[in-house]
$ cat input-v5.cif   # mmCIF, C-alpha atoms
data_query
loop_
_atom_site.label_atom_id
_atom_site.label_comp_id
_atom_site.auth_asym_id
_atom_site.auth_seq_id
_atom_site.Cartn_x
_atom_site.Cartn_y
_atom_site.Cartn_z
CA MET H 16 -14.06 -23.69 5.39
CA ALA H 17 -16.70 -22.60 7.93
CA GLN H 18 -16.46 -19.09 9.30
CA TRP H 19 -16.59 -18.49 13.05
CA ASP H 20 -20.08 -16.98 12.90
CA ASP H 21 -21.38 -20.05 11.04
CA TYR H 22 -21.13 -22.12 14.24
CA SER H 23 -23.74 -22.21 16.99
CA THR H 24 -22.91 -20.76 20.41
CA GLY H 25 -22.60 -24.27 21.87
CA THR H 26 -20.20 -25.38 19.15
CA ARG H 27 -18.11 -22.23 19.62
CA ILE H 28 -17.78 -23.03 23.34
CA LYS H 29 -16.68 -26.59 22.48
CA LEU H 30 -14.07 -25.32 20.02
CA LEU H 31 -12.75 -22.75 22.49
CA ARG H 32 -12.64 -25.38 25.23
CA GLY H 33 -10.31 -27.52 23.12
CA LYS H 34 -8.59 -30.11 25.32
CA VAL H 35 -10.08 -28.70 28.52
CA THR H 36 -12.69 -31.16 29.80
CA GLN H 37 -16.23 -30.12 30.64
CA GLN H 38 -15.48 -30.86 34.30
CA ASN H 39 -12.36 -28.68 34.23
CA LEU H 40 -14.34 -25.86 32.66
CA ALA H 41 -17.01 -26.26 35.31
CA ASP H 42 -14.33 -26.02 38.02
CA LEU H 43 -12.83 -22.92 36.41
CA THR H 44 -16.19 -21.16 36.19
CA GLY H 45 -17.73 -22.33 39.47
CA LEU H 46 -20.67 -23.65 37.46
CA SER H 47 -21.98 -27.21 37.51
CA ILE H 48 -21.00 -29.65 34.78
CA GLY H 49 -24.70 -29.82 33.91
CA VAL H 50 -24.71 -26.09 33.09
CA ILE H 51 -21.63 -26.52 30.88
CA GLN H 52 -23.31 -29.41 29.06
CA LYS H 53 -26.47 -27.36 28.53
CA ALA H 54 -24.42 -24.45 27.18
CA GLU H 55 -22.74 -26.73 24.64
CA GLN H 56 -26.16 -28.11 23.67
CA ASP H 57 -27.27 -24.57 22.76
CA GLN H 58 -29.77 -24.26 25.57
CA ARG H 59 -30.51 -20.67 26.56
CA MET H 60 -27.98 -19.31 29.04
CA SER H 61 -28.00 -16.09 31.06
CA LEU H 62 -25.49 -13.39 30.19
CA ARG H 63 -23.90 -13.89 33.63
CA THR H 64 -23.27 -17.57 32.87
CA LEU H 65 -21.81 -16.85 29.44
CA LEU H 66 -19.54 -14.18 30.93
CA LYS H 67 -18.17 -16.71 33.42
CA ILE H 68 -17.49 -19.16 30.60
CA ALA H 69 -15.83 -16.47 28.49
CA ASP H 70 -13.60 -15.40 31.40
CA ALA H 71 -12.56 -19.00 32.10
CA LEU H 72 -11.71 -19.54 28.43
CA GLY H 73 -9.72 -16.30 28.31
CA THR H 74 -11.87 -14.74 25.61
CA ASP H 75 -14.55 -12.06 25.10
CA ILE H 76 -18.31 -12.53 25.20
CA SER H 77 -18.42 -11.25 21.61
CA VAL H 78 -16.35 -14.30 20.60
CA ILE H 79 -18.80 -16.65 22.34
CA HIS H 80 -21.66 -14.96 20.47
CA GLY H 81 -19.78 -15.21 17.13
CA GLN H 82 -19.56 -11.45 16.65
CA GLN H 83 -15.78 -11.73 16.20
CA ALA H 84 -13.39 -14.62 15.71
CA PRO H 85 -11.21 -15.84 18.59
CA HIS H 86 -7.77 -14.34 18.99
CA ARG H 87 -5.35 -16.53 17.12
CA THR H 88 -3.03 -18.74 19.18
CA GLN H 89 -3.21 -16.51 22.22
CA SER H 90 -1.39 -17.69 25.30
CA ARG H 91 -2.10 -16.56 28.83
CA ASP H 92 0.85 -14.13 28.50
CA ASP H 93 -0.71 -12.67 25.33
CA ARG H 94 -4.03 -12.09 27.05
CA THR H 95 -2.37 -10.56 30.12
CA ALA H 96 -0.25 -8.23 27.99
CA LEU H 97 -3.25 -7.09 25.94
CA GLN H 98 -5.33 -6.55 29.06
CA SER H 99 -2.63 -4.37 30.61
CA LEU H 100 -2.14 -2.48 27.34
CA SER H 101 -5.87 -1.88 26.98
CA ARG H 102 -6.10 -0.43 30.49
CA ALA H 103 -3.09 1.79 29.87
CA VAL H 104 -4.43 3.11 26.56
CA HIS H 105 -7.84 3.94 27.96
CA ASP H 106 -6.64 5.25 31.33
CA THR H 107 -3.93 7.55 29.96
CA SER H 108 -6.23 8.95 27.27
CA ALA H 109 -8.73 9.81 30.02
CA GLY H 110 -6.05 11.38 32.22
CA PHE H 111 -5.98 8.66 34.88
CA LEU H 112 -2.46 7.83 36.06
CA PRO H 113 -1.13 5.82 39.03
CA ASN H 114 -0.65 8.04 42.08
CA ASP H 115 2.87 6.80 42.80
CA ILE H 116 4.30 7.11 39.27
CA GLU H 117 7.68 8.82 38.91
CA PRO H 118 7.95 10.57 35.54
CA PRO H 119 11.23 9.72 33.76
CA THR H 120 13.23 12.31 31.88
CA LEU H 121 12.67 12.76 28.16
CA ALA H 122 16.10 11.21 27.52
CA GLU H 123 15.14 8.13 29.55
CA LEU H 124 11.87 7.84 27.65
CA GLY H 125 13.80 8.05 24.38
CA ASP H 126 15.92 5.09 25.47
CA PHE H 127 12.75 3.24 26.47
CA THR H 128 11.18 3.91 23.06
CA ARG H 129 14.16 2.34 21.29
CA ARG H 130 14.05 -0.67 23.62
CA VAL H 131 10.39 -1.40 22.90
CA TRP H 132 10.90 -1.03 19.15
CA ARG H 133 13.78 -3.52 19.32
CA LEU H 134 11.46 -6.06 20.95
CA TYR H 135 8.81 -5.36 18.35
CA TRP H 136 11.16 -5.84 15.41
CA LYS H 137 12.44 -9.08 16.91
CA GLY H 138 8.86 -10.33 16.74
CA HIS H 139 8.40 -10.39 20.53
CA TYR H 140 4.98 -8.76 20.32
CA SER H 141 3.58 -10.01 23.61
CA GLU H 142 6.61 -8.74 25.53
CA ALA H 143 6.54 -5.43 23.65
CA ALA H 144 2.83 -5.02 24.43
CA GLY H 145 3.47 -5.74 28.10
CA ILE H 146 6.19 -3.10 28.28
CA ALA H 147 4.16 -0.60 26.25
CA ALA H 148 1.59 -0.41 29.06
CA PRO H 149 3.90 1.12 31.74
CA PHE H 150 5.66 3.08 28.99
CA LEU H 151 2.36 4.82 28.19
CA ALA H 152 1.77 5.70 31.82
CA GLU H 153 5.29 7.09 32.24
CA ALA H 154 5.11 9.08 28.99
CA ALA H 155 1.78 10.58 30.10
CA ALA H 156 3.27 11.40 33.51
CA ARG H 157 6.22 13.17 31.85
CA LEU H 158 3.81 15.21 29.74
CA ARG H 159 1.87 16.25 32.84
CA GLU H 160 5.07 17.51 34.48
CA GLN H 161 6.34 19.46 31.46
CA PRO H 162 6.07 23.27 31.73
CA ASP H 163 3.71 25.08 29.36
CA GLY H 164 5.41 25.84 26.07
CA GLU H 165 7.84 22.90 26.49
CA GLN H 166 5.52 20.00 25.82
CA ALA H 167 6.11 19.26 22.12
CA GLU H 168 8.76 16.58 22.70
CA ALA H 169 6.67 14.93 25.40
CA TRP H 170 3.70 14.78 23.00
CA GLU H 171 6.00 13.15 20.43
CA VAL H 172 7.03 10.46 22.92
CA LEU H 173 3.41 9.85 23.89
CA SER H 174 2.46 9.52 20.22
CA ASP H 175 5.22 6.96 19.78
CA ALA H 176 4.01 5.02 22.82
CA TYR H 177 0.43 4.87 21.53
CA ARG H 178 1.66 3.86 18.07
CA ILE H 179 3.70 0.98 19.49
CA GLY H 180 0.62 -0.12 21.42
CA ALA H 181 -1.49 0.06 18.26
CA TYR H 182 1.01 -2.01 16.27
CA CYS H 183 1.16 -4.72 18.94
CA ALA H 184 -2.63 -4.83 19.25
CA ASN H 185 -2.94 -5.02 15.46
CA LEU H 186 -0.66 -8.04 15.21
CA MET H 187 -2.21 -9.73 18.23
CA GLY H 188 -5.72 -9.50 16.75
CA ALA H 189 -7.18 -6.87 19.11
CA ARG H 190 -8.94 -4.75 16.48
CA ASP H 191 -10.79 -2.29 18.73
CA LEU H 192 -7.68 -1.65 20.82
CA ALA H 193 -5.61 -1.08 17.68
CA TYR H 194 -8.09 1.50 16.40
CA SER H 195 -8.28 3.22 19.77
CA ALA H 196 -4.51 3.39 20.28
CA ILE H 197 -3.77 4.67 16.77
CA GLY H 198 -6.43 7.36 17.22
CA HIS H 199 -4.77 8.58 20.42
CA ALA H 200 -1.39 8.43 18.67
CA ARG H 201 -2.68 10.81 16.02
CA SER H 202 -4.09 13.25 18.57
CA ALA H 203 -0.72 13.33 20.34
CA ALA H 204 1.14 13.83 17.04
CA GLU H 205 -1.15 16.75 16.22
CA ARG H 206 -0.44 18.33 19.63
CA ALA H 207 3.28 17.88 18.95
CA ALA H 208 2.90 19.55 15.54
CA SER H 209 5.10 16.81 14.10
CA PRO H 210 4.44 16.15 10.36
CA MET H 211 6.74 13.11 10.41
CA ARG H 212 4.83 11.47 13.23
CA LEU H 213 1.48 12.34 11.68
CA ALA H 214 2.54 10.49 8.55
CA LEU H 215 3.77 7.53 10.60
CA VAL H 216 0.47 7.34 12.45
CA ASP H 217 -1.56 7.58 9.24
CA SER H 218 0.48 4.79 7.70
CA GLY H 219 -0.15 2.74 10.84
CA ARG H 220 -3.88 3.32 10.57
CA SER H 221 -3.70 2.25 6.92
CA TRP H 222 -2.17 -1.03 8.07
CA ILE H 223 -5.04 -1.54 10.53
CA TYR H 224 -7.50 -0.87 7.69
CA LEU H 225 -5.70 -3.48 5.59
CA ARG H 226 -5.97 -6.10 8.34
CA ASP H 227 -9.65 -5.20 8.65
CA ALA H 228 -10.17 -5.78 4.89
CA ARG H 229 -10.88 -2.06 4.29
CA LEU H 230 -8.68 -2.02 1.20
CA ASP H 231 -9.93 1.19 -0.42
CA ASP H 232 -9.56 3.13 2.83
CA ALA H 233 -6.14 1.59 3.40
CA LEU H 234 -4.89 2.59 -0.05
CA ALA H 235 -6.17 6.18 0.15
CA LEU H 236 -4.57 6.73 3.56
CA ALA H 237 -1.28 4.99 2.71
CA GLU H 238 -0.88 7.17 -0.37
CA LYS H 239 -1.70 10.33 1.58
CA ALA H 240 0.78 9.44 4.35
CA ALA H 241 3.58 9.02 1.82
CA LEU H 242 2.83 12.10 -0.24
CA ASP H 243 2.52 14.30 2.86
CA ILE H 244 6.22 13.80 3.62
CA GLU H 245 7.72 13.37 0.14
CA PRO H 246 11.16 15.00 0.41
CA ARG H 247 13.36 16.71 -2.13
CA PHE H 248 15.97 14.05 -2.79
CA SER H 249 18.74 16.58 -3.36
CA ARG H 250 18.66 17.74 0.25
CA ALA H 251 16.76 15.03 2.13
CA THR H 252 18.27 13.68 5.36
CA PRO H 253 18.67 9.91 5.94
CA ASP H 254 15.77 10.06 8.42
CA GLU H 255 13.49 11.74 5.88
CA LEU H 256 14.40 9.22 3.18
CA THR H 257 13.85 6.34 5.60
CA VAL H 258 10.38 7.42 6.61
CA TYR H 259 9.35 8.35 3.07
CA GLY H 260 10.76 5.13 1.63
CA SER H 261 8.96 2.95 4.16
CA HIS H 262 5.73 4.85 3.53
CA ILE H 263 5.85 4.71 -0.27
CA ASN H 264 6.80 1.05 -0.02
CA PHE H 265 3.79 0.34 2.16
CA ALA H 266 1.59 2.24 -0.30
CA ALA H 267 2.85 -0.20 -2.95
CA VAL H 268 1.96 -3.13 -0.69
CA VAL H 269 -1.59 -1.86 -0.14
CA ALA H 270 -2.09 -1.07 -3.85
CA SER H 271 -0.99 -4.61 -4.71
CA ARG H 272 -3.46 -6.08 -2.20
CA ALA H 273 -6.20 -3.90 -3.72
CA GLY H 274 -5.32 -5.24 -7.17
CA ASN H 275 -4.27 -1.84 -8.51
CA GLN H 276 -1.24 -2.84 -10.57
CA VAL H 277 -0.54 0.59 -12.10
CA ARG H 278 -0.35 2.37 -8.76
CA ALA H 279 1.50 -0.51 -7.12
CA GLU H 280 4.21 -0.45 -9.79
CA ASP H 281 4.47 3.34 -9.61
CA PHE H 282 4.90 3.29 -5.83
CA LEU H 283 7.33 0.39 -6.11
CA SER H 284 9.46 2.34 -8.60
CA GLN H 285 9.64 5.24 -6.14
CA SER H 286 10.52 2.83 -3.35
CA HIS H 287 13.45 1.39 -5.33
CA ALA H 288 14.63 4.91 -6.24
CA THR H 289 14.59 5.93 -2.59
CA GLY H 290 16.46 2.82 -1.54
CA ALA H 291 19.09 3.38 -4.22
CA ARG H 292 19.50 6.98 -3.09
CA MET H 293 20.13 5.83 0.47
CA GLY H 294 22.68 3.17 -0.45
CA GLY H 295 22.08 1.12 2.71
CA GLU H 296 19.54 0.36 5.41
CA HIS H 297 18.79 3.11 7.93
CA GLY H 298 16.53 3.10 10.97
CA CYS H 299 14.61 5.87 12.75
CA TYR H 300 11.21 6.53 14.33
CA GLY H 301 10.67 2.82 14.84
CA THR H 302 11.08 1.92 11.16
CA LEU H 303 13.87 0.69 8.87
CA PHE H 304 14.31 1.20 5.14
CA GLY H 305 16.90 0.90 2.41
CA PRO H 306 17.63 -0.99 -0.81
CA VAL H 307 17.36 -4.45 0.76
CA THR H 308 14.01 -3.61 2.30
CA ALA H 309 12.75 -2.28 -1.03
CA THR H 310 13.78 -5.45 -2.89
CA THR H 311 12.48 -7.95 -0.34
CA GLN H 312 9.15 -6.12 -0.09
CA ALA H 313 8.93 -6.17 -3.88
CA VAL H 314 8.75 -9.97 -3.74
CA GLY H 315 5.50 -9.87 -1.78
CA ILE H 316 4.11 -7.05 -3.90
CA ASN H 317 4.67 -9.03 -7.11
CA VAL H 318 3.12 -12.13 -5.55
CA ALA H 319 0.01 -10.12 -4.70
CA LEU H 320 -0.13 -8.79 -8.30
CA GLY H 321 0.03 -12.34 -9.69
CA GLU H 322 3.55 -11.83 -11.05
CA THR H 323 4.86 -15.10 -9.64
CA GLY H 324 7.76 -15.44 -12.07
CA LYS H 325 8.97 -11.92 -11.35
CA ALA H 326 8.67 -12.54 -7.60
CA LEU H 327 10.75 -15.71 -7.79
CA LYS H 328 13.36 -14.04 -9.97
CA LEU H 329 13.68 -11.23 -7.43
CA ALA H 330 13.97 -13.77 -4.61
CA GLU H 331 16.81 -15.51 -6.46
CA SER H 332 18.67 -12.19 -6.70
CA ILE H 333 18.54 -11.60 -2.93
CA LYS H 334 21.66 -13.10 -1.39
CA ASP H 335 21.88 -11.39 1.99
CA THR H 336 18.98 -10.34 4.22
CA SER H 337 21.10 -9.77 7.34
CA PRO H 338 20.68 -5.95 7.18
CA LEU H 339 16.95 -6.42 7.85
CA GLN H 340 15.25 -6.61 11.22
CA HIS H 341 14.30 -10.13 12.38
CA ALA H 342 10.59 -9.63 11.70
CA ALA H 343 11.28 -8.24 8.21
CA ARG H 344 13.46 -11.25 7.34
CA ASN H 345 10.74 -13.62 8.49
CA ARG H 346 8.10 -11.72 6.56
CA TYR H 347 10.20 -11.97 3.41
CA ALA H 348 10.43 -15.74 3.94
CA MET H 349 6.61 -15.91 4.03
CA ASP H 350 6.34 -13.96 0.77
CA LYS H 351 8.90 -16.25 -0.85
CA ALA H 352 7.04 -19.34 0.38
CA LEU H 353 3.79 -18.01 -1.05
CA ALA H 354 5.46 -17.33 -4.41
CA GLN H 355 6.78 -20.90 -4.43
CA ALA H 356 3.31 -22.22 -3.60
CA ASP H 357 1.79 -20.19 -6.45
CA ALA H 358 4.39 -21.75 -8.76
CA LYS H 359 3.34 -25.20 -7.48
CA MET H 360 6.77 -25.71 -5.95
CA TRP H 361 5.11 -27.46 -3.02
CA ASP H 362 8.17 -28.92 -1.31
CA ALA H 363 10.25 -25.75 -1.72
CA SER H 364 7.38 -23.69 -0.32
CA LEU H 365 7.04 -25.86 2.77
CA ASP H 366 10.83 -25.90 3.23
CA THR H 367 10.89 -22.09 3.27
CA LEU H 368 7.85 -21.88 5.53
CA GLU H 369 9.05 -24.49 8.00
CA ARG H 370 12.48 -22.88 8.39
CA ALA H 371 10.85 -19.57 9.27
CA LEU H 372 8.39 -21.15 11.69
CA VAL H 373 11.07 -23.13 13.49
CA GLY H 374 13.52 -20.23 13.54
CA ALA H 375 11.04 -17.66 14.87
CA PRO H 376 8.22 -19.42 16.77
CA GLU H 377 7.32 -16.36 18.87
CA TRP H 378 6.96 -14.19 15.75
CA ALA H 379 5.08 -16.92 13.87
CA ARG H 380 2.38 -17.24 16.54
CA HIS H 381 0.95 -13.87 15.56
CA GLN H 382 1.06 -14.28 11.77
CA ALA H 383 -1.89 -15.17 9.54
CA LEU H 384 0.00 -15.75 6.28
CA PRO H 385 1.42 -19.20 7.24
CA GLY H 386 -2.15 -20.50 7.41
CA VAL H 387 -2.89 -19.03 3.99
CA ILE H 388 0.19 -20.77 2.57
CA VAL H 389 -0.75 -24.14 4.08
CA GLU H 390 -4.23 -23.87 2.56
CA LYS H 391 -2.60 -23.07 -0.80
CA VAL H 392 -0.27 -26.07 -0.72
CA GLY H 393 -2.46 -29.03 -1.58
CA ARG H 394 0.03 -31.56 -2.94
CA ALA H 395 2.36 -32.23 -0.06
CA SER H 396 2.33 -35.20 2.29
CA THR H 397 -0.45 -35.18 4.88
CA ALA H 398 2.06 -35.85 7.65
CA ARG H 399 4.16 -32.85 6.70
CA LEU H 400 1.19 -30.54 6.45
CA ARG H 401 0.06 -31.74 9.87
CA ARG H 402 3.49 -31.01 11.33
CA ILE H 403 3.58 -27.50 9.87
CA SER H 404 0.00 -26.81 10.94
CA LYS H 405 1.06 -27.70 14.47
CA LEU H 406 3.93 -25.19 14.23
CA ILE H 407 1.46 -22.53 13.12
CA GLY H 408 -0.61 -23.23 16.20
CA THR H 409 -4.29 -23.14 15.25
CA SER H 410 -6.68 -22.34 12.48
CA SER H 411 -6.22 -19.37 10.15
CA SER H 412 -8.44 -17.12 12.25
CA SER H 413 -6.88 -13.70 12.67
CA GLY H 414 -8.41 -12.55 15.91
CA GLY H 415 -10.80 -9.62 16.05
CA PHE H 416 -10.39 -8.95 12.34
CA SER H 417 -12.05 -10.56 9.37
CA THR H 418 -10.61 -13.97 8.48
CA ALA H 419 -7.25 -13.37 6.85
CA THR H 420 -6.79 -13.89 3.14
CA ARG H 421 -3.68 -13.45 1.01
CA ARG H 422 -4.88 -9.88 0.35
CA THR H 423 -5.19 -8.88 4.01
CA ALA H 424 -2.62 -11.11 5.76
CA LEU H 425 0.09 -8.62 6.63
#
$ encode --input "input-v5.cif" --output "C-alpha cells"
Amino acid sequence: MAQWDDYSTGTRIKLLRGKVTQQNLADLTGLSIGVIQKAEQDQRMSLRTLLKIADALGTDISVIHGQQAPHRTQSRDDRTALQSLSRAVHDTSAGFLPNDIEPPTLAELGDFTRRVWRLYWKGHYSEAAGIAAPFLAEAAARLREQPDGEQAEAWEVLSDAYRIGAYCANLMGARDLAYSAIGHARSAAERAASPMRLALVDSGRSWIYLRDARLDDALALAEKAALDIEPRFSRATPDELTVYGSHINFAAVVASRAGNQVRAEDFLSQSHATGARMGGEHGCYGTLFGPVTATTQAVGINVALGETGKALKLAESIKDTSPLQHAARNRYAMDKALAQADAKMWDASLDTLERALVGAPEWARHQALPGVIVEKVGRASTARLRRISKLIGTSSSSGGFSTATRRTAL
C-alpha cells in the first residue's frame, strides 16, 4: 500500500478533493478551474495558491506537500473543534485570555472536568475537544484570580484541562497539538506539586509516543509513570490503586507493542493483582480501572505478543463488560476482532468488528485499528469488506502520525 508521501502533490490534491469536482474546488478557492487543473497536473504553484487549496479542502499545507498524512475521516465539526482547541492551548499558555471571561469557581470547574471526561469516555472526541477549548480559558482565568499561596488546586484543574485537550488531539490525529498540550499539562502539574497528576501526564505523553511509533520512548516513560506512584497495597486508597493500576496496565500495553514479552507479562501480573485488590471498577482523575479493565486489556496485550490462543481464551471468559466505559468496551471489541483475525476466524472477526462500528460510529471514526483488522482479514466476501470499509470511513491513515500498524494503533 502506497504511503501518503509516495504520491505527487497533484495526486494528493486529487485524493483530498474526493467527490468534490474541480469546478467546485475552484469556486471554493476563488481560483480558476484552469489553475486547479494545473495543480493536479503537478505544475509549479505559488505558496499562496496552495494555501487557498489547502484551506478549501480543510487541511494543512504540510498535508498537500506530503509532510504528514491527512487527518483520518475528519468532518467539518472535527476541524472546527481542533481549530478552537489549538487556539485555546496556545493562547492560554501565552497568557492571552478573552477580556470578557468570567472565572468560574473551583467547584464549578470540577463539575466541568467530570462532564468533559464523560464525553471523552463515551467516544465523543470532537464534542469533548470543542468543550475543552472554553474549559481551558476558564481554568486559566480562575488561576489568574486565585490569591498567592492558594493556586495549587487551580493549577491542578488547568493541568487536567490541558491533558483532556492532549488526549482529544491525540485521537483526532493532531500530533503537534497533542505534544504541545501534554507539555503544558506537565508544567501545570509541576506548579501544582501534584505527583498523581505528574504521573497521569507522563502516561499520556507515553501514549502520544506510542501513536507516533516512538516505542522505546513510550515504554521508558510508561514504566516511569507507573513506578513513580506505586502504592503500598496495605494502605492504598481506591484512587491510588485506580491510577496505579491504569498506569501499570498501560505499561504492559506499551511493552507488548514493543515486543518485550518479559516486561509485558510482569506488568500484566501487577495489573491483575491491583485489579483483584480493588474488587471492582473505580474511576478518578479521568481514568477507570479494576478487575474487568485488567482482563479486557490483557486480551489486546496477548494479541500483540502473538499469544492468540491465550487472548481468545481470555475473551471467552469475559461475560460482562458493562462496568467499563463505552470507549473501553469498544476498544476491547477491536482487540477481540484482531485476535479472531489472527486465528483466521474471518467471519467471527468481521462480526465483532461490524457490531462495534455500527454501535459506536462516532467513536469508530477516530480509530485506526479497524483499518488494520480489515487489511488482516483477506478471506471474507468482497461485498462485506466493502461494507465494513465504508463504516470505517476512509483509508487507514492516522492523521498527523505515522501510518498506524497493529503495534501503534491505540
$ residues_around --input "input-v5.cif" --residues "range 44-54 of chain H" --least-positions-apart "3" --cutoff "10 Å" --atoms "all atoms listed in the file" --output "list in words"
Thr24, Gly25, Thr26, Ile28, Lys29, Thr36, Gln37, Gln38, Asn39, Leu40, Ala41, Asp57, Gln58, Arg59, Met60, Ser61, Thr64, Leu65, Leu66, Lys67, Ile68, Ala69, Asp70, Ala71 and Leu72 of chain H
$ write_last_selection --input "input-v5.cif" --atoms "C-alpha atoms" --output "CSV table (one decimal), in the coordinates of the input"
chain,number,residue,atom,x,y,z
H,24,THR,CA,-22.9,-20.8,20.4
H,25,GLY,CA,-22.6,-24.3,21.9
H,26,THR,CA,-20.2,-25.4,19.2
H,28,ILE,CA,-17.8,-23.0,23.3
H,29,LYS,CA,-16.7,-26.6,22.5
H,36,THR,CA,-12.7,-31.2,29.8
H,37,GLN,CA,-16.2,-30.1,30.6
H,38,GLN,CA,-15.5,-30.9,34.3
H,39,ASN,CA,-12.4,-28.7,34.2
H,40,LEU,CA,-14.3,-25.9,32.7
H,41,ALA,CA,-17.0,-26.3,35.3
H,57,ASP,CA,-27.3,-24.6,22.8
H,58,GLN,CA,-29.8,-24.3,25.6
H,59,ARG,CA,-30.5,-20.7,26.6
H,60,MET,CA,-28.0,-19.3,29.0
H,61,SER,CA,-28.0,-16.1,31.1
H,64,THR,CA,-23.3,-17.6,32.9
H,65,LEU,CA,-21.8,-16.8,29.4
H,66,LEU,CA,-19.5,-14.2,30.9
H,67,LYS,CA,-18.2,-16.7,33.4
H,68,ILE,CA,-17.5,-19.2,30.6
H,69,ALA,CA,-15.8,-16.5,28.5
H,70,ASP,CA,-13.6,-15.4,31.4
H,71,ALA,CA,-12.6,-19.0,32.1
H,72,LEU,CA,-11.7,-19.5,28.4
$ atom_distance --input "input-v5.cif" --atom1 "CA of Ala167 in chain H" --atom2 "CA of Arg206 in chain H"
7.1 Å
$ resolve_selection --input "input-v5.cif" --expression "the PyMOL selection byres ((chain H and resi 311) around 8)" --output "number ranges by chain"
H: 307-310, 312-315, 329-330, 333, 347
$ residues_around --input "input-v5.cif" --residues "Gly274 in chain H" --least-positions-apart "6" --cutoff "10 Å" --atoms "all atoms listed in the file" --output "PyMOL selection string"
chain H and resi 230+268+319-321+422
$ write_last_selection --input "input-v5.cif" --atoms "C-alpha atoms" --output "tab-separated table (two decimals), in the frame of the given file"
chain	number	residue	atom	x	y	z
H	230	LEU	CA	-8.68	-2.02	1.20
H	268	VAL	CA	1.96	-3.13	-0.69
H	319	ALA	CA	0.01	-10.12	-4.70
H	320	LEU	CA	-0.13	-8.79	-8.30
H	321	GLY	CA	0.03	-12.34	-9.69
H	422	ARG	CA	-4.88	-9.88	0.35
$ atom_distance --input "input-v5.cif" --atom1 "CA of Ala103 in chain H" --atom2 "CA of Asp232 in chain H"
27.8 Å
$ residues_around --input "input-v5.cif" --residues "Cys183 in chain H" --least-positions-apart "5" --cutoff "12 Å" --atoms "only C-alpha atoms" --output "number ranges by chain"
H: 93, 96-97, 100-101, 131-132, 134-136, 138-148, 176-178, 188-190, 192-194, 196-197, 219, 222-223, 378, 381-382
$ write_last_selection --input "input-v5.cif" --atoms "C-alpha atoms" --output "mmCIF file, in the frame of the given file"
data_model
loop_
_atom_site.group_PDB
_atom_site.id
_atom_site.type_symbol
_atom_site.label_atom_id
_atom_site.label_comp_id
_atom_site.auth_asym_id
_atom_site.auth_seq_id
_atom_site.Cartn_x
_atom_site.Cartn_y
_atom_site.Cartn_z
ATOM 1 C CA ASP H 93 -0.710 -12.670 25.330
ATOM 2 C CA ALA H 96 -0.250 -8.230 27.990
ATOM 3 C CA LEU H 97 -3.250 -7.090 25.940
ATOM 4 C CA LEU H 100 -2.140 -2.480 27.340
ATOM 5 C CA SER H 101 -5.870 -1.880 26.980
ATOM 6 C CA VAL H 131 10.390 -1.400 22.900
ATOM 7 C CA TRP H 132 10.900 -1.030 19.150
ATOM 8 C CA LEU H 134 11.460 -6.060 20.950
ATOM 9 C CA TYR H 135 8.810 -5.360 18.350
ATOM 10 C CA TRP H 136 11.160 -5.840 15.410
ATOM 11 C CA GLY H 138 8.860 -10.330 16.740
ATOM 12 C CA HIS H 139 8.400 -10.390 20.530
ATOM 13 C CA TYR H 140 4.980 -8.760 20.320
ATOM 14 C CA SER H 141 3.580 -10.010 23.610
ATOM 15 C CA GLU H 142 6.610 -8.740 25.530
ATOM 16 C CA ALA H 143 6.540 -5.430 23.650
ATOM 17 C CA ALA H 144 2.830 -5.020 24.430
ATOM 18 C CA GLY H 145 3.470 -5.740 28.100
ATOM 19 C CA ILE H 146 6.190 -3.100 28.280
ATOM 20 C CA ALA H 147 4.160 -0.600 26.250
ATOM 21 C CA ALA H 148 1.590 -0.410 29.060
ATOM 22 C CA ALA H 176 4.010 5.020 22.820
ATOM 23 C CA TYR H 177 0.430 4.870 21.530
ATOM 24 C CA ARG H 178 1.660 3.860 18.070
ATOM 25 C CA GLY H 188 -5.720 -9.500 16.750
ATOM 26 C CA ALA H 189 -7.180 -6.870 19.110
ATOM 27 C CA ARG H 190 -8.940 -4.750 16.480
ATOM 28 C CA LEU H 192 -7.680 -1.650 20.820
ATOM 29 C CA ALA H 193 -5.610 -1.080 17.680
ATOM 30 C CA TYR H 194 -8.090 1.500 16.400
ATOM 31 C CA ALA H 196 -4.510 3.390 20.280
ATOM 32 C CA ILE H 197 -3.770 4.670 16.770
ATOM 33 C CA GLY H 219 -0.150 2.740 10.840
ATOM 34 C CA TRP H 222 -2.170 -1.030 8.070
ATOM 35 C CA ILE H 223 -5.040 -1.540 10.530
ATOM 36 C CA TRP H 378 6.960 -14.190 15.750
ATOM 37 C CA HIS H 381 0.950 -13.870 15.560
ATOM 38 C CA GLN H 382 1.060 -14.280 11.770
#
$ atom_distance --input "input-v5.cif" --atom1 "CA of Ile263 in chain H" --atom2 "CA of Lys137 in chain H"
23.0 Å
$ closest_residue --input "input-v5.cif" --among "H:Ala273, H:Met187, H:Val172, H:Ala152" --to "Arg229 in chain H" --atoms "all atoms listed in the file"
H:Ala273
$ resolve_selection --input "input-v5.cif" --expression "the PyMOL selection byres ((chain H and resi 212) around 12)" --output "number ranges by chain"
H: 167-168, 170-178, 197, 200-211, 213-219, 240-241, 243-244, 255, 258-259, 262, 299-302
$ residues_around --input "input-v5.cif" --residues "Leu368 in chain H" --least-positions-apart "4" --cutoff "8 Å" --atoms "only C-alpha atoms" --output "MDAnalysis selection string"
chainID H and resid 348:349 352 364 372 385
$ write_last_selection --input "input-v5.cif" --atoms "C-alpha atoms" --output "compact mmCIF listing (two decimals), in the coordinates of the input"
# COMPACT_ATOMS: atom_id res chain seq x y z
CA ALA H 348 10.43 -15.74 3.94
CA MET H 349 6.61 -15.91 4.03
CA ALA H 352 7.04 -19.34 0.38
CA SER H 364 7.38 -23.69 -0.32
CA LEU H 372 8.39 -21.15 11.69
CA PRO H 385 1.42 -19.20 7.24
$ closest_residue --input "input-v5.cif" --among "H:Thr257, H:Asn345, H:Ser271, H:Ser332" --to "Phe304 in chain H" --atoms "all atoms listed in the file"
H:Thr257
$ residues_around --input "input-v5.cif" --residues "Gln285 in chain H" --least-positions-apart "5" --cutoff "12 Å" --atoms "only C-alpha atoms" --output "PyMOL selection string"
chain H and resi 241-242+245-246+248+256+259-267+278-280+290-292+306+309-310+313
$ closest_residue --input "input-v5.cif" --among "H:Glu55, H:Thr367, H:Met360, H:Glu160" --to "Leu121 in chain H" --atoms "all atoms listed in the file"
H:Glu160
$ closest_residue --input "input-v5.cif" --among "H:Leu365, H:Ala251, H:Val78, H:Ala326" --to "Ile403 in chain H" --atoms "only C-alpha atoms"
H:Leu365
